Amino acid sequence: MATIIPEMSPADAPWRKRFRAPRTTLPEWATDAPERLIYASNQIGGKWELFASDRAAGTTRQLTDRREGTLNGHIGPRGGQVWWFDDTDGDEFGHWMFQPFDGASATVAAEELGRFYSTGLELGYEIAAIGGSGEGGTSIDVVADGVRRIYENANESWLGGLSADEALLCFHHSEHGDSRHAALRVVDLDGAVIGDLWDGPGLGLASSGFSEIAGDERILVSHERDDLPRPMLWWPRDGRMRTFALDLPGEIEPSWYPDGSALLLVHEHAGRSSLYRLELEPERLV
């Protein structure tokens, strides 16, 4: 007896359903309010928007609703504010908005900066650092009691981390003329240079941020001195560096453990990702 296969509309084909399934990003948590988080999802109408979830209250609500959708957002360390980037028609040219986690309408942050392409946002307890790009080049502004410009250059730059005590700011720059192989600079919040790091032509550096411990000014950096990206620590005030001999064949993406005693390494090789813990004192890869 022949098997009868029901007719299926092309719109209902399983492979189409796979691409129409709702997706959600990993959440970003508030440092001092771990019950509060934000994430982006296209679960409503297929358009990406930001959502705020309060696990303690058991509530989740949609934060943004723009015709072009919203994907770029951050939550402040206390969990009281959410910042998101407002552009026009998805052109990535706009300004940062902020609004209370619990509700209310959004307000333009540092409206006097006008519209720009975002090159990073660092949120602290008392300040925000905004990186922007426009026709005149790139800039960095500190927002606290007013807005203060601390860096401006015709070449490309982008933010790379705010120290835990909010005294220092790290950023990438290409003043040497090669944005694909960036240098690093650390400044105080008045723009005074604390430290510069550049490995020379054809060798790039990437910041993974300061240690999360207040008063600890170590910066986690990825370098290309050994061809593949490898982690090292940099003390910008005195220029000290600490590299690691890692017998891993693929690329490595590092990040800090919260207590600053170890590094989490994501090792990419042969199409697979592996996680390692690199303990610093004594040095040990596990």
# chains A, B, ... in the order shown; residues from 1 in each chain; ligands from 1
>>> closest_atom_pairs(of="segment 87-129 of chain A", to="segment 157-167 of chain A", cutoff="9 Å", atoms="only C-alpha atoms", output="Markdown table")
| residue | atom | partner | partner_atom | distance |
| --- | --- | --- | --- | --- |
| A:Ser118 | CA | A:Trp158 | CA | 8.6 |
| A:Thr119 | CA | A:Trp158 | CA | 4.8 |
| A:Gly120 | CA | A:Leu159 | CA | 5.2 |
| A:Leu121 | CA | A:Leu159 | CA | 7.0 |
| A:Glu122 | CA | A:Leu162 | CA | 6.3 |
| A:Leu123 | CA | A:Leu162 | CA | 7.9 |
| A:Gly124 | CA | A:Glu166 | CA | 6.6 |
| A:Tyr125 | CA | A:Glu166 | CA | 8.0 |
| A:Glu126 | CA | A:Glu166 | CA | 7.9 |
| A:Ile127 | CA | A:Glu166 | CA | 7.6 |
| A:Ala129 | CA | A:Leu162 | CA | 8.2 |
>>> select_by_dssp(residues="segment 25-257 of chain A", states="strand (DSSP E)", output="VMD selection string")
chain A and resid 28 to 30 33 to 41 49 to 54 59 to 62 73 to 75 81 to 87 93 to 100 107 to 108 116 to 123 128 to 134 137 to 144 146 to 153 157 to 162 168 to 173 183 to 188 193 to 197 205 to 210 219 to 223 230 to 235 240 to 243 251 to 256
>>> atom_distance(atom1="atom CA of Ala110 of chain A", atom2="atom CA of Pro34 of chain A")
27.4 Å
>>> residues_around(residues="Val286 of chain A", least_positions_apart="2", cutoff="12 Å", atoms="only C-alpha atoms", output="PDB file with N, CA and C atoms, in the first residue's frame")
ATOM      1  N   LEU A 246      51.856  29.412  26.309  1.00  0.00           N
ATOM      2  CA  LEU A 246      50.692  28.533  26.225  1.00  0.00           C
ATOM      3  C   LEU A 246      50.861  27.566  25.062  1.00  0.00           C
ATOM      4  N   ALA A 262      42.714  34.886  37.985  1.00  0.00           N
ATOM      5  CA  ALA A 262      42.846  33.955  36.865  1.00  0.00           C
ATOM      6  C   ALA A 262      42.205  34.545  35.622  1.00  0.00           C
ATOM      7  N   LEU A 263      42.523  33.920  34.488  1.00  0.00           N
ATOM      8  CA  LEU A 263      41.951  34.310  33.208  1.00  0.00           C
ATOM      9  C   LEU A 263      41.148  33.149  32.653  1.00  0.00           C
ATOM     10  N   LEU A 264      40.035  33.468  32.041  1.00  0.00           N
ATOM     11  CA  LEU A 264      39.249  32.480  31.308  1.00  0.00           C
ATOM     12  C   LEU A 264      39.648  32.565  29.844  1.00  0.00           C
ATOM     13  N   LEU A 265      40.086  31.447  29.282  1.00  0.00           N
ATOM     14  CA  LEU A 265      40.536  31.412  27.900  1.00  0.00           C
ATOM     15  C   LEU A 265      39.557  30.600  27.054  1.00  0.00           C
ATOM     16  N   SER A 274      37.131  25.368  23.199  1.00  0.00           N
ATOM     17  CA  SER A 274      37.421  24.764  24.500  1.00  0.00           C
ATOM     18  C   SER A 274      37.668  25.868  25.519  1.00  0.00           C
ATOM     19  N   LEU A 275      37.311  25.618  26.774  1.00  0.00           N
ATOM     20  CA  LEU A 275      37.507  26.591  27.842  1.00  0.00           C
ATOM     21  C   LEU A 275      38.639  26.145  28.761  1.00  0.00           C
ATOM     22  N   TYR A 276      39.514  27.096  29.107  1.00  0.00           N
ATOM     23  CA  TYR A 276      40.603  26.849  30.031  1.00  0.00           C
ATOM     24  C   TYR A 276      40.616  27.937  31.093  1.00  0.00           C
ATOM     25  N   ARG A 277      41.096  27.580  32.269  1.00  0.00           N
ATOM     26  CA  ARG A 277      41.345  28.553  33.336  1.00  0.00           C
ATOM     27  C   ARG A 277      42.860  28.696  33.477  1.00  0.00           C
ATOM     28  N   LEU A 278      43.353  29.918  33.313  1.00  0.00           N
ATOM     29  CA  LEU A 278      44.772  30.198  33.491  1.00  0.00           C
ATOM     30  C   LEU A 278      44.956  30.885  34.839  1.00  0.00           C
ATOM     31  N   GLU A 279      45.404  30.137  35.827  1.00  0.00           N
ATOM     32  CA  GLU A 279      45.652  30.696  37.146  1.00  0.00           C
ATOM     33  C   GLU A 279      46.968  31.463  37.117  1.00  0.00           C
ATOM     34  N   LEU A 280      46.995  32.602  37.811  1.00  0.00           N
ATOM     35  CA  LEU A 280      48.130  33.520  37.685  1.00  0.00           C
ATOM     36  C   LEU A 280      49.203  33.305  38.738  1.00  0.00           C
ATOM     37  N   PRO A 282      50.312  30.465  41.616  1.00  0.00           N
ATOM     38  CA  PRO A 282      51.323  30.302  40.584  1.00  0.00           C
ATOM     39  C   PRO A 282      50.657  30.084  39.231  1.00  0.00           C
ATOM     40  N   GLU A 283      51.419  30.293  38.175  1.00  0.00           N
ATOM     41  CA  GLU A 283      50.869  30.156  36.828  1.00  0.00           C
ATOM     42  C   GLU A 283      50.579  28.705  36.524  1.00  0.00           C
ATOM     43  N   ARG A 284      49.307  28.441  36.136  1.00  0.00           N
ATOM     44  CA  ARG A 284      48.903  27.061  35.874  1.00  0.00           C
ATOM     45  C   ARG A 284      47.694  27.046  34.968  1.00  0.00           C
TER      46      ARG A 284
END
